[in-house]
file my_file-v3.txt (compact mmCIF, C-alpha atoms)
# COMPACT_ATOMS: atom_id res chain seq x y z
CA ASN A 24 0.00 0.00 0.00
CA ASN A 25 2.87 2.39 -0.64
CA LYS A 26 1.75 5.48 -2.55
CA ARG A 27 3.38 8.46 -4.13
CA LYS A 28 1.89 11.61 -5.69
CA ILE A 29 3.46 14.07 -8.13
CA ILE A 30 1.76 17.38 -9.03
CA ARG A 31 2.29 19.11 -12.33
CA LYS A 32 1.35 22.79 -12.50
CA ILE A 33 -0.15 23.89 -15.81
CA ILE A 34 -0.16 27.59 -16.59
CA ARG A 35 -2.57 28.62 -19.32
CA ARG A 36 -1.26 31.55 -21.32
CA ASP A 37 -3.27 33.66 -23.76
CA VAL A 38 -1.03 34.42 -26.74
CA GLU A 39 -3.67 35.23 -29.39
CA ASN A 40 -4.37 38.78 -30.47
CA PRO A 41 -7.93 40.09 -30.35
CA VAL A 42 -9.76 40.02 -33.70
CA ILE A 43 -11.00 43.41 -34.91
CA THR A 44 -13.75 43.68 -37.53
CA LEU A 45 -14.67 47.03 -39.06
CA ASN A 46 -18.31 48.06 -39.10
CA GLY A 47 -18.93 49.44 -42.58
CA ASP A 48 -16.43 49.88 -45.39
CA SER A 49 -12.66 50.09 -45.01
CA THR A 50 -12.69 53.18 -47.25
CA ILE A 51 -15.32 55.89 -46.88
CA ILE A 52 -15.70 58.89 -49.20
CA ILE A 53 -17.52 61.94 -47.85
CA PRO A 54 -17.98 65.54 -49.05
CA ILE A 55 -16.38 68.51 -47.32
CA ASN A 56 -18.24 69.66 -44.18
CA TYR A 57 -20.15 66.40 -43.99
CA SER A 58 -20.97 65.34 -40.45
CA TYR A 59 -18.95 62.13 -40.23
CA GLU A 60 -20.44 59.47 -37.97
CA GLU A 61 -18.09 56.81 -36.64
CA ASP A 62 -19.23 53.27 -37.43
CA GLY A 63 -16.79 51.74 -34.98
CA VAL A 64 -15.57 48.15 -34.82
CA LEU A 65 -16.39 44.81 -33.25
CA VAL A 66 -13.68 43.08 -31.20
CA ASN A 67 -13.66 39.47 -30.16
CA ASP A 68 -10.97 37.84 -28.02
CA ASN A 69 -10.49 34.10 -27.59
CA CYS A 70 -10.28 34.44 -23.80
CA ASP A 71 -11.82 37.77 -22.90
CA GLY A 72 -14.78 37.76 -25.28
CA ASP A 73 -16.22 41.05 -26.52
CA LEU A 74 -13.68 43.86 -26.08
CA SER A 75 -15.41 46.44 -28.32
CA SER A 76 -15.76 48.85 -25.42
CA LYS A 77 -11.98 48.83 -24.85
CA VAL A 78 -11.07 50.08 -28.35
CA GLU A 79 -9.01 53.25 -28.58
CA ILE A 80 -9.76 55.33 -31.68
CA ILE A 81 -7.06 57.59 -33.12
CA SER A 82 -8.26 59.87 -35.92
CA ASP A 83 -6.84 62.74 -37.97
CA VAL A 84 -10.04 63.32 -39.99
CA ASP A 85 -10.70 66.97 -40.84
CA THR A 86 -13.99 67.25 -42.74
CA THR A 87 -13.36 70.92 -43.52
CA LYS A 88 -10.52 70.16 -45.93
CA ALA A 89 -10.26 67.79 -48.90
CA GLY A 90 -7.70 65.10 -48.26
CA ASN A 91 -7.00 61.47 -47.38
CA TYR A 92 -7.33 60.66 -43.70
CA LYS A 93 -7.01 57.60 -41.50
CA ILE A 94 -8.79 56.31 -38.44
CA LYS A 95 -6.85 53.77 -36.38
CA TYR A 96 -8.52 51.37 -33.97
CA GLU A 97 -6.33 49.83 -31.26
CA VAL A 98 -7.23 47.30 -28.58
CA GLU A 99 -5.38 45.26 -25.92
CA ASP A 100 -6.72 42.21 -24.13
CA ASN A 101 -6.17 41.28 -20.46
CA SER A 102 -3.02 39.35 -21.38
CA ASN A 103 -1.46 42.37 -23.12
CA ASN A 104 -2.02 41.02 -26.63
CA LYS A 105 -2.60 43.93 -29.01
CA ASN A 106 -4.11 44.47 -32.41
CA SER A 107 -5.07 47.39 -34.65
CA VAL A 108 -6.83 48.13 -37.96
CA THR A 109 -7.28 51.31 -39.97
CA ARG A 110 -10.07 52.87 -42.00
CA ASP A 111 -9.44 55.38 -44.80
CA VAL A 112 -11.69 58.44 -44.89
CA LEU A 113 -11.46 60.44 -48.12
CA VAL A 114 -12.87 63.96 -47.86
CA ARG A 115 -13.76 65.36 -51.28
CA GLU A 116 -15.03 68.60 -52.79
CA PRO A 117 -18.65 68.17 -53.89
CA LEU A 118 -19.60 68.40 -57.53
CA LYS A 119 -21.07 71.84 -58.12
CA PRO A 120 -24.48 72.75 -59.55
CA ASN A 121 -24.50 75.01 -62.61
CA THR A 122 -21.14 73.49 -63.53
CA ILE A 123 -20.13 71.41 -66.54
CA TYR A 124 -17.46 68.75 -66.28
CA LEU A 125 -16.43 67.77 -69.81
CA THR A 126 -14.96 64.27 -69.84
CA PHE A 127 -13.47 62.56 -72.88
CA ASP A 128 -12.91 58.81 -73.25
CA ASP A 129 -11.03 56.53 -75.68
CA GLY A 130 -8.34 58.97 -76.88
CA PRO A 131 -6.01 60.39 -77.60
CA ARG A 132 -6.35 60.40 -81.37
CA ASP A 133 -4.41 62.52 -83.82
CA GLY A 134 -6.78 64.68 -85.83
CA THR A 135 -9.46 64.91 -83.14
CA THR A 136 -7.86 65.20 -79.69
CA ASP A 137 -5.41 67.86 -80.90
CA VAL A 138 -8.25 69.97 -82.33
CA ILE A 139 -10.29 69.50 -79.14
CA LEU A 140 -7.31 70.71 -77.12
CA ASP A 141 -7.04 73.74 -79.41
CA ILE A 142 -10.73 74.56 -78.84
CA LEU A 143 -10.44 74.18 -75.07
CA LYS A 144 -7.38 76.41 -75.03
CA GLU A 145 -9.05 79.08 -77.16
CA LYS A 146 -12.15 79.14 -74.97
CA ASP A 147 -10.24 78.81 -71.67
CA VAL A 148 -12.00 75.64 -70.55
CA LYS A 149 -10.48 72.77 -68.59
CA ALA A 150 -11.63 69.18 -69.11
CA THR A 151 -10.83 65.63 -68.08
CA PHE A 152 -9.39 63.02 -70.45
CA PHE A 153 -9.60 59.30 -69.65
CA VAL A 154 -6.95 57.96 -71.99
CA THR A 155 -5.94 54.68 -73.61
CA ASN A 156 -2.76 53.41 -75.23
CA ASN A 157 -3.86 54.94 -78.53
CA GLY A 158 -2.59 58.13 -80.16
CA SER A 159 0.73 59.88 -79.92
CA ASP A 160 2.58 60.58 -76.69
CA SER A 161 2.68 64.25 -77.60
CA LEU A 162 -1.08 64.46 -77.07
CA ILE A 163 -0.78 62.86 -73.63
CA LYS A 164 1.82 65.48 -72.78
CA ARG A 165 -0.33 68.32 -74.14
CA ILE A 166 -3.28 67.26 -71.97
CA VAL A 167 -1.20 67.57 -68.82
CA ASP A 168 0.89 70.58 -69.89
CA GLU A 169 -2.23 72.59 -70.73
CA GLY A 170 -3.75 72.05 -67.30
CA HIS A 171 -6.35 69.41 -68.00
CA SER A 172 -6.96 66.41 -65.77
CA ILE A 173 -5.85 63.04 -67.05
CA GLY A 174 -7.20 59.68 -66.01
CA ILE A 175 -6.96 56.01 -66.93
CA HIS A 176 -9.54 54.42 -69.21
CA THR A 177 -8.14 51.23 -70.72
CA ALA A 178 -5.19 50.04 -72.74
CA SER A 179 -7.02 47.67 -75.08
CA HIS A 180 -10.71 48.62 -74.65
CA ARG A 181 -11.50 44.96 -75.29
CA TYR A 182 -14.20 43.95 -72.87
CA ASP A 183 -13.47 40.27 -73.39
CA ILE A 184 -9.95 40.86 -72.06
CA ILE A 185 -10.32 43.44 -69.31
CA TYR A 186 -13.48 41.97 -67.79
CA ALA A 187 -12.36 38.35 -67.99
CA SER A 188 -10.72 38.57 -64.56
CA VAL A 189 -9.61 41.00 -61.87
CA ASP A 190 -5.95 40.39 -62.76
CA ASN A 191 -6.64 41.14 -66.42
CA TYR A 192 -8.29 44.42 -65.53
CA PHE A 193 -5.43 45.65 -63.38
CA ASN A 194 -2.78 44.48 -65.86
CA ASP A 195 -4.55 46.57 -68.49
CA LEU A 196 -4.91 49.56 -66.15
CA GLU A 197 -1.23 49.50 -65.20
CA GLN A 198 -0.18 49.77 -68.85
CA VAL A 199 -1.96 53.11 -69.23
CA LYS A 200 -0.88 54.33 -65.82
CA ASN A 201 2.76 53.64 -66.72
CA ARG A 202 2.37 55.35 -70.09
CA ILE A 203 1.03 58.52 -68.48
CA TYR A 204 3.87 58.57 -65.97
CA ASN A 205 6.57 57.84 -68.53
CA VAL A 206 5.35 60.61 -70.84
CA THR A 207 4.46 63.29 -68.28
CA GLY A 208 6.38 62.39 -65.13
CA LYS A 209 3.10 62.56 -63.23
CA SER A 210 0.92 59.83 -61.81
CA THR A 211 -2.87 59.75 -61.71
CA ASN A 212 -5.42 57.84 -59.67
CA LEU A 213 -8.46 58.87 -61.74
CA VAL A 214 -10.20 55.93 -63.43
CA ARG A 215 -13.18 55.40 -65.70
CA PHE A 216 -14.36 51.88 -66.41
CA PRO A 217 -15.04 51.05 -70.06
CA GLY A 218 -18.83 51.05 -70.27
CA GLY A 219 -19.02 52.69 -66.85
CA SER A 220 -19.35 50.98 -63.49
CA SER A 221 -22.99 50.16 -64.32
CA ASN A 222 -22.17 48.15 -67.46
CA THR A 223 -23.74 44.73 -67.86
CA ILE A 224 -21.66 43.48 -70.79
CA SER A 225 -18.99 42.45 -68.27
CA LYS A 226 -21.38 39.76 -67.01
CA LYS A 227 -20.81 37.95 -70.31
CA TYR A 228 -17.15 37.45 -69.37
CA SER A 229 -17.20 37.27 -65.56
CA GLU A 230 -20.22 37.15 -63.29
CA GLY A 231 -20.04 39.80 -60.55
CA ILE A 232 -16.73 41.28 -61.66
CA MET A 233 -17.92 44.91 -61.46
CA SER A 234 -18.96 44.43 -57.84
CA THR A 235 -15.41 43.29 -57.15
CA LEU A 236 -13.59 45.85 -59.30
CA THR A 237 -15.46 48.86 -57.91
CA LYS A 238 -14.20 47.91 -54.46
CA GLU A 239 -10.71 46.84 -55.50
CA VAL A 240 -9.85 50.04 -57.38
CA ILE A 241 -10.70 52.02 -54.24
CA ASN A 242 -8.68 49.64 -52.06
CA LYS A 243 -5.71 50.21 -54.38
CA GLY A 244 -5.98 54.00 -54.08
CA TYR A 245 -7.84 54.83 -57.29
CA GLN A 246 -11.05 56.81 -57.71
CA TYR A 247 -13.49 55.96 -60.46
CA TYR A 248 -15.88 58.42 -62.09
CA ASP A 249 -19.03 57.83 -64.08
CA TRP A 250 -21.30 60.48 -65.65
CA ASN A 251 -24.87 61.76 -65.44
CA ILE A 252 -25.13 63.05 -69.02
CA ASP A 253 -24.37 60.80 -71.97
CA SER A 254 -23.67 62.95 -75.03
CA GLY A 255 -24.60 59.98 -77.21
CA ASP A 256 -21.57 60.51 -79.43
CA ALA A 257 -20.75 56.79 -79.25
CA SER A 258 -24.21 55.77 -80.44
CA PHE A 259 -27.28 57.84 -81.29
CA ASN A 260 -25.91 61.40 -81.72
CA ASN A 261 -23.62 60.72 -84.66
CA ASN A 262 -23.40 64.13 -86.30
CA PRO A 263 -22.45 67.58 -84.95
CA THR A 264 -25.99 69.01 -84.99
CA LYS A 265 -27.62 66.06 -83.21
CA LEU A 266 -24.77 66.00 -80.69
CA TYR A 267 -25.05 69.72 -80.01
CA TYR A 268 -28.78 69.59 -79.25
CA GLY A 269 -28.47 66.32 -77.37
CA VAL A 270 -25.99 67.91 -74.97
CA ILE A 271 -27.50 71.38 -74.47
CA ASN A 272 -30.99 69.91 -73.92
CA SER A 273 -29.58 67.75 -71.11
CA LEU A 274 -27.92 70.57 -69.18
CA SER A 275 -29.36 71.91 -65.93
CA HIS A 276 -28.44 74.88 -63.75
CA ASP A 277 -29.78 73.05 -60.71
CA LYS A 278 -27.42 70.09 -60.89
CA TYR A 279 -23.85 69.26 -61.75
CA ASN A 280 -23.35 68.16 -65.35
CA VAL A 281 -20.73 65.44 -65.84
CA ILE A 282 -20.80 64.80 -69.59
CA LEU A 283 -19.53 61.65 -71.26
CA MET A 284 -17.89 62.40 -74.62
CA HIS A 285 -15.32 60.69 -76.83
CA ASP A 286 -12.39 62.64 -78.26
CA VAL A 287 -11.94 60.07 -81.04
CA LYS A 288 -15.17 61.19 -82.77
CA THR A 289 -14.97 63.80 -85.53
CA TYR A 290 -18.50 65.06 -84.85
CA THR A 291 -17.63 65.54 -81.16
CA ARG A 292 -14.67 67.61 -82.24
CA ASP A 293 -16.87 69.60 -84.62
CA ALA A 294 -19.68 70.23 -82.12
CA LEU A 295 -17.57 71.07 -79.06
CA GLY A 296 -17.01 74.77 -79.75
CA SER A 297 -20.72 75.46 -80.18
CA ILE A 298 -21.56 73.50 -77.01
CA ILE A 299 -19.08 75.55 -74.99
CA ASP A 300 -20.35 78.83 -76.51
CA TYR A 301 -23.95 77.94 -75.61
CA ALA A 302 -23.02 76.96 -72.07
CA LYS A 303 -21.01 80.11 -71.42
CA SER A 304 -23.69 82.39 -72.85
CA ASN A 305 -26.20 80.73 -70.52
CA GLY A 306 -24.16 81.17 -67.37
CA TYR A 307 -22.61 77.73 -66.89
CA ASN A 308 -19.18 77.24 -65.37
CA PHE A 309 -16.59 74.66 -66.44
CA GLU A 310 -14.27 72.60 -64.25
CA ALA A 311 -12.11 69.51 -64.55
CA LEU A 312 -12.40 66.52 -62.25
CA THR A 313 -9.51 66.03 -59.83
CA SER A 314 -8.53 63.52 -57.17
CA ASN A 315 -10.18 65.88 -54.66
CA THR A 316 -13.54 65.85 -56.47
CA MET A 317 -16.38 63.84 -54.99
CA PRO A 318 -16.83 60.91 -57.39
CA LEU A 319 -20.04 60.44 -59.34
CA ARG A 320 -20.95 56.77 -59.43
CA GLN A 321 -23.70 54.79 -61.08
CA LYS A 322 -25.45 51.71 -59.72
CA VAL A 323 -23.37 48.58 -60.17
CA ASN A 324 -25.37 45.98 -62.12
CA ASN A 325 -22.91 43.10 -62.21
call {"tool": "encode", "arguments": {"input": "my_file-v3.txt", "output": "structure tokens"}}
result
Amino acid sequence: NNKRKIIRKIIRRDVENPVITLNGDSTIIIPINYSYEEDGVLVNDNCDGDLSSKVEIISDVDTTKAGNYKIKYEVEDNSNNKNSVTRDVLVREPLKPNTIYLTFDDGPRDGTTDVILDILKEKDVKATFFVTNNGSDSLIKRIVDEGHSIGIHTASHRYDIIYASVDNYFNDLEQVKNRIYNVTGKSTNLVRFPGGSSNTISKKYSEGIMSTLTKEVINKGYQYYDWNIDSGDASFNNNPTKLYYGVINSLSHDKYNVILMHDVKTYTRDALGSIIDYAKSNGYNFEALTSNTMPLRQKVNN
């Protein structure tokens, strides 16, 4: 009946960091002077449970000035394990009523873009060009040198390529981004999707790809812009007179007017001067889109 007992002491240590989940989007875009409301985070710890109330929020957001800001969320559990996440808050200047934002896609093209630039210079109007890999480098340089905004449209403009996969889209985008930088020495984060963010043709090549791309471009630091006036120069308004009336009949003093045009069309080139003259004589202002402009976005349908 001899007995012996040995005791082993087990110390349980918590070595896992708390898990932080953002409420809402990781990137939020708001207009200047907007009353920003913090969505906060949820925190779960493997030992301590819900630690949401212990989160420290560090923010440099200034809603009175356009800029890119960050909100950092930090938390520490009872075993001194720490974690943090950040949210980007982009404060942008609102689009202005009684203002026309001329935007041109698909160029540059020798014989049309150069004449359009001449007209804009003569009439002292700034515009935004979403460019491709087409046309001469000298036109890319002129766009920037003459004070216009430049953005990325597409290298190939082949929907079957760019909308086949997320990787395909960004490979295409990077080609144009690199071209702009190599020619001008300046980088841009302005983007317009071929067909716009609301296009449905992309569904033919990849189901749901626009829902993914519209989030991914923002996550990668780009801003995409759609339009609220289609000039029709890529379809139904295929001569200068029809284009002129199609545009001026769509303008409104009570709203902002972001116009989709194509600087590869001869009738767009030929109608532009008259459109600008009408707008100026009727009290409209002109501005270019910039990275500090609140983006106009359509409903994503794929």
call {"tool": "residues_around", "arguments": {"input": "my_file-v3.txt", "residues": "segment 91-100 of chain A", "least_positions_apart": "5", "cutoff": "9 Å", "atoms": "all atoms listed in the file", "output": "compact mmCIF listing (two decimals) with C-alpha atoms, keeping the file's coordinate frame"}}
result
# COMPACT_ATOMS: atom_id res chain seq x y z
CA ASN A 40 -4.37 38.78 -30.47
CA PRO A 41 -7.93 40.09 -30.35
CA ILE A 43 -11.00 43.41 -34.91
CA GLY A 63 -16.79 51.74 -34.98
CA VAL A 64 -15.57 48.15 -34.82
CA VAL A 66 -13.68 43.08 -31.20
CA ASP A 68 -10.97 37.84 -28.02
CA CYS A 70 -10.28 34.44 -23.80
CA ASP A 71 -11.82 37.77 -22.90
CA LEU A 74 -13.68 43.86 -26.08
CA SER A 75 -15.41 46.44 -28.32
CA LYS A 77 -11.98 48.83 -24.85
CA VAL A 78 -11.07 50.08 -28.35
CA GLU A 79 -9.01 53.25 -28.58
CA ILE A 80 -9.76 55.33 -31.68
CA ILE A 81 -7.06 57.59 -33.12
CA SER A 82 -8.26 59.87 -35.92
CA ASP A 83 -6.84 62.74 -37.97
CA VAL A 84 -10.04 63.32 -39.99
CA ASP A 85 -10.70 66.97 -40.84
CA LYS A 105 -2.60 43.93 -29.01
CA ASN A 106 -4.11 44.47 -32.41
CA SER A 107 -5.07 47.39 -34.65
CA VAL A 108 -6.83 48.13 -37.96
CA THR A 109 -7.28 51.31 -39.97
CA ARG A 110 -10.07 52.87 -42.00
CA ASP A 111 -9.44 55.38 -44.80
CA VAL A 112 -11.69 58.44 -44.89
CA LEU A 113 -11.46 60.44 -48.12
CA VAL A 114 -12.87 63.96 -47.86
CA ARG A 115 -13.76 65.36 -51.28
call {"tool": "atom_distance", "arguments": {"input": "my_file-v3.txt", "atom1": "atom CA of Arg320 of chain A", "atom2": "atom CA of Tyr245 of chain A"}}
result
13.4 Å
call {"tool": "residues_near_point", "arguments": {"input": "my_file-v3.txt", "point": "(-18.8, 71.4, -63.6)", "cutoff": "12 Å", "atoms": "only C-alpha atoms", "output": "ChimeraX atom specification"}}
result
/A:116-126,148-151,250-252,274-282,302-303,306-313,316-317,319
call {"tool": "closest_residue", "arguments": {"input": "my_file-v3.txt", "among": "A:Glu145, A:Asp160, A:Glu230, A:Glu239", "to": "Asp190 of chain A", "atoms": "only C-alpha atoms"}}
result
A:Glu239
call {"tool": "closest_residue", "arguments": {"input": "my_file-v3.txt", "among": "A:Asn24, A:Ile142, A:Lys238, A:Asp195", "to": "Gly296 of chain A", "atoms": "only C-alpha atoms"}}
result
A:Ile142
call {"tool": "atom_distance", "arguments": {"input": "my_file-v3.txt", "atom1": "atom CA of Val287 of chain A", "atom2": "atom CA of Ile232 of chain A"}}
result
27.4 Å
call {"tool": "closest_residue", "arguments": {"input": "my_file-v3.txt", "among": "A:Ser76, A:Asn56, A:Asn101, A:Asn191", "to": "Arg36 of chain A", "atoms": "all atoms listed in the file"}}
result
A:Asn101
call {"tool": "residues_around", "arguments": {"input": "my_file-v3.txt", "residues": "segment 161-169 of chain A", "least_positions_apart": "5", "cutoff": "12 Å", "atoms": "only C-alpha atoms", "output": "PDB file with C-alpha atoms, in the frame of the given file"}}
result
ATOM      1  CA  PHE A 127     -13.470  62.560 -72.880  1.00  0.00           C
ATOM      2  CA  GLY A 130      -8.340  58.970 -76.880  1.00  0.00           C
ATOM      3  CA  PRO A 131      -6.010  60.390 -77.600  1.00  0.00           C
ATOM      4  CA  ARG A 132      -6.350  60.400 -81.370  1.00  0.00           C
ATOM      5  CA  ASP A 133      -4.410  62.520 -83.820  1.00  0.00           C
ATOM      6  CA  GLY A 134      -6.780  64.680 -85.830  1.00  0.00           C
ATOM      7  CA  THR A 135      -9.460  64.910 -83.140  1.00  0.00           C
ATOM      8  CA  THR A 136      -7.860  65.200 -79.690  1.00  0.00           C
ATOM      9  CA  ASP A 137      -5.410  67.860 -80.900  1.00  0.00           C
ATOM     10  CA  VAL A 138      -8.250  69.970 -82.330  1.00  0.00           C
ATOM     11  CA  ILE A 139     -10.290  69.500 -79.140  1.00  0.00           C
ATOM     12  CA  LEU A 140      -7.310  70.710 -77.120  1.00  0.00           C
ATOM     13  CA  ASP A 141      -7.040  73.740 -79.410  1.00  0.00           C
ATOM     14  CA  ILE A 142     -10.730  74.560 -78.840  1.00  0.00           C
ATOM     15  CA  LEU A 143     -10.440  74.180 -75.070  1.00  0.00           C
ATOM     16  CA  LYS A 144      -7.380  76.410 -75.030  1.00  0.00           C
ATOM     17  CA  GLU A 145      -9.050  79.080 -77.160  1.00  0.00           C
ATOM     18  CA  ASP A 147     -10.240  78.810 -71.670  1.00  0.00           C
ATOM     19  CA  VAL A 148     -12.000  75.640 -70.550  1.00  0.00           C
ATOM     20  CA  LYS A 149     -10.480  72.770 -68.590  1.00  0.00           C
ATOM     21  CA  ALA A 150     -11.630  69.180 -69.110  1.00  0.00           C
ATOM     22  CA  THR A 151     -10.830  65.630 -68.080  1.00  0.00           C
ATOM     23  CA  PHE A 152      -9.390  63.020 -70.450  1.00  0.00           C
ATOM     24  CA  PHE A 153      -9.600  59.300 -69.650  1.00  0.00           C
ATOM     25  CA  VAL A 154      -6.950  57.960 -71.990  1.00  0.00           C
ATOM     26  CA  THR A 155      -5.940  54.680 -73.610  1.00  0.00           C
ATOM     27  CA  ASN A 156      -2.760  53.410 -75.230  1.00  0.00           C
ATOM     28  CA  GLY A 174      -7.200  59.680 -66.010  1.00  0.00           C
ATOM     29  CA  ILE A 175      -6.960  56.010 -66.930  1.00  0.00           C
ATOM     30  CA  VAL A 199      -1.960  53.110 -69.230  1.00  0.00           C
ATOM     31  CA  LYS A 200      -0.880  54.330 -65.820  1.00  0.00           C
ATOM     32  CA  ARG A 202       2.370  55.350 -70.090  1.00  0.00           C
ATOM     33  CA  ILE A 203       1.030  58.520 -68.480  1.00  0.00           C
ATOM     34  CA  TYR A 204       3.870  58.570 -65.970  1.00  0.00           C
ATOM     35  CA  ASN A 205       6.570  57.840 -68.530  1.00  0.00           C
ATOM     36  CA  VAL A 206       5.350  60.610 -70.840  1.00  0.00           C
ATOM     37  CA  THR A 207       4.460  63.290 -68.280  1.00  0.00           C
ATOM     38  CA  GLY A 208       6.380  62.390 -65.130  1.00  0.00           C
ATOM     39  CA  LYS A 209       3.100  62.560 -63.230  1.00  0.00           C
ATOM     40  CA  SER A 210       0.920  59.830 -61.810  1.00  0.00           C
ATOM     41  CA  THR A 211      -2.870  59.750 -61.710  1.00  0.00           C
ATOM     42  CA  ASP A 286     -12.390  62.640 -78.260  1.00  0.00           C
ATOM     43  CA  ALA A 311     -12.110  69.510 -64.550  1.00  0.00           C
TER      44      ALA A 311
END
call {"tool": "axis_aligned_box", "arguments": {"input": "my_file-v3.txt", "around": "segment 277-296 of chain A", "padding_each_side": "5 Å", "output": "AutoDock Vina command-line options"}}
result
--center_x -20.9 --center_y 67.4 --center_z -73.1 --size_x 27.8 --size_y 24.7 --size_z 34.8
call {"tool": "closest_residue", "arguments": {"input": "my_file-v3.txt", "among": "A:Asn315, A:Tyr192, A:Ile184, A:Asn324", "to": "Pro54 of chain A", "atoms": "all atoms listed in the file"}}
result
A:Asn315
call {"tool": "atom_distance", "arguments": {"input": "my_file-v3.txt", "atom1": "atom CA of Thr264 of chain A", "atom2": "atom CA of Pro217 of chain A"}}
result
25.8 Å
call {"tool": "closest_residue", "arguments": {"input": "my_file-v3.txt", "among": "A:Pro263, A:Gly244, A:Gly158, A:Gly231", "to": "Ile51 of chain A", "atoms": "all atoms listed in the file"}}
result
A:Gly244
call {"tool": "closest_residue", "arguments": {"input": "my_file-v3.txt", "among": "A:Thr291, A:Ser314, A:Asn103, A:Gln321", "to": "Gly219 of chain A", "atoms": "all atoms listed in the file"}}
result
A:Gln321
call {"tool": "decode", "arguments": {"input": "my_file-v3.txt", "residues": "segment 56-61 of chain A", "atoms": "all heavy atoms", "output": "mmCIF file, in the first residue's frame"}}
result
data_model
loop_
_atom_site.group_PDB
_atom_site.id
_atom_site.type_symbol
_atom_site.label_atom_id
_atom_site.label_comp_id
_atom_site.auth_asym_id
_atom_site.auth_seq_id
_atom_site.Cartn_x
_atom_site.Cartn_y
_atom_site.Cartn_z
ATOM 1 N N ASN A 56 -17.279 69.162 -45.171
ATOM 2 C CA ASN A 56 -18.239 69.658 -44.181
ATOM 3 C C ASN A 56 -19.367 68.667 -43.880
ATOM 4 O O ASN A 56 -20.351 69.023 -43.241
ATOM 5 C CB ASN A 56 -18.831 71.012 -44.602
ATOM 6 C CG ASN A 56 -17.776 72.096 -44.644
ATOM 7 O OD1 ASN A 56 -16.863 72.129 -43.816
ATOM 8 N ND2 ASN A 56 -17.887 72.994 -45.610
ATOM 9 N N TYR A 57 -19.200 67.444 -44.334
ATOM 10 C CA TYR A 57 -20.154 66.398 -43.994
ATOM 11 C C TYR A 57 -19.953 65.993 -42.536
ATOM 12 O O TYR A 57 -18.836 65.918 -42.047
ATOM 13 C CB TYR A 57 -19.933 65.191 -44.905
ATOM 14 C CG TYR A 57 -20.835 64.014 -44.642
ATOM 15 C CD1 TYR A 57 -22.117 63.960 -45.177
ATOM 16 C CD2 TYR A 57 -20.390 62.938 -43.872
ATOM 17 C CE1 TYR A 57 -22.942 62.864 -44.954
ATOM 18 C CE2 TYR A 57 -21.212 61.834 -43.651
ATOM 19 C CZ TYR A 57 -22.482 61.814 -44.195
ATOM 20 O OH TYR A 57 -23.286 60.720 -43.962
ATOM 21 N N SER A 58 -21.058 65.748 -41.854
ATOM 22 C CA SER A 58 -20.967 65.339 -40.453
ATOM 23 C C SER A 58 -20.650 63.842 -40.392
ATOM 24 O O SER A 58 -21.546 63.003 -40.527
ATOM 25 C CB SER A 58 -22.285 65.635 -39.733
ATOM 26 O OG SER A 58 -22.206 65.242 -38.382
ATOM 27 N N TYR A 59 -19.385 63.525 -40.220
ATOM 28 C CA TYR A 59 -18.951 62.130 -40.225
ATOM 29 C C TYR A 59 -19.390 61.434 -38.942
ATOM 30 O O TYR A 59 -19.174 61.922 -37.837
ATOM 31 C CB TYR A 59 -17.431 62.047 -40.366
ATOM 32 C CG TYR A 59 -16.893 60.644 -40.207
ATOM 33 C CD1 TYR A 59 -17.098 59.697 -41.197
ATOM 34 C CD2 TYR A 59 -16.202 60.257 -39.056
ATOM 35 C CE1 TYR A 59 -16.627 58.397 -41.054
ATOM 36 C CE2 TYR A 59 -15.727 58.969 -38.909
ATOM 37 C CZ TYR A 59 -15.941 58.046 -39.910
ATOM 38 O OH TYR A 59 -15.472 56.757 -39.762
ATOM 39 N N GLU A 60 -20.010 60.279 -39.108
ATOM 40 C CA GLU A 60 -20.436 59.473 -37.970
ATOM 41 C C GLU A 60 -19.610 58.194 -37.922
ATOM 42 O O GLU A 60 -19.558 57.451 -38.900
ATOM 43 C CB GLU A 60 -21.924 59.144 -38.072
ATOM 44 C CG GLU A 60 -22.825 60.372 -37.970
ATOM 45 C CD GLU A 60 -24.299 60.005 -38.002
ATOM 46 O OE1 GLU A 60 -24.603 58.796 -37.985
ATOM 47 O OE2 GLU A 60 -25.131 60.932 -38.041
ATOM 48 N N GLU A 61 -18.980 57.961 -36.805
ATOM 49 C CA GLU A 61 -18.094 56.814 -36.640
ATOM 50 C C GLU A 61 -18.899 55.517 -36.553
ATOM 51 O O GLU A 61 -19.803 55.377 -35.727
ATOM 52 C CB GLU A 61 -17.253 57.004 -35.374
ATOM 53 C CG GLU A 61 -16.357 55.840 -35.033
ATOM 54 C CD GLU A 61 -15.423 55.494 -36.173
ATOM 55 O OE1 GLU A 61 -14.723 56.403 -36.651
ATOM 56 O OE2 GLU A 61 -15.409 54.323 -36.581
#
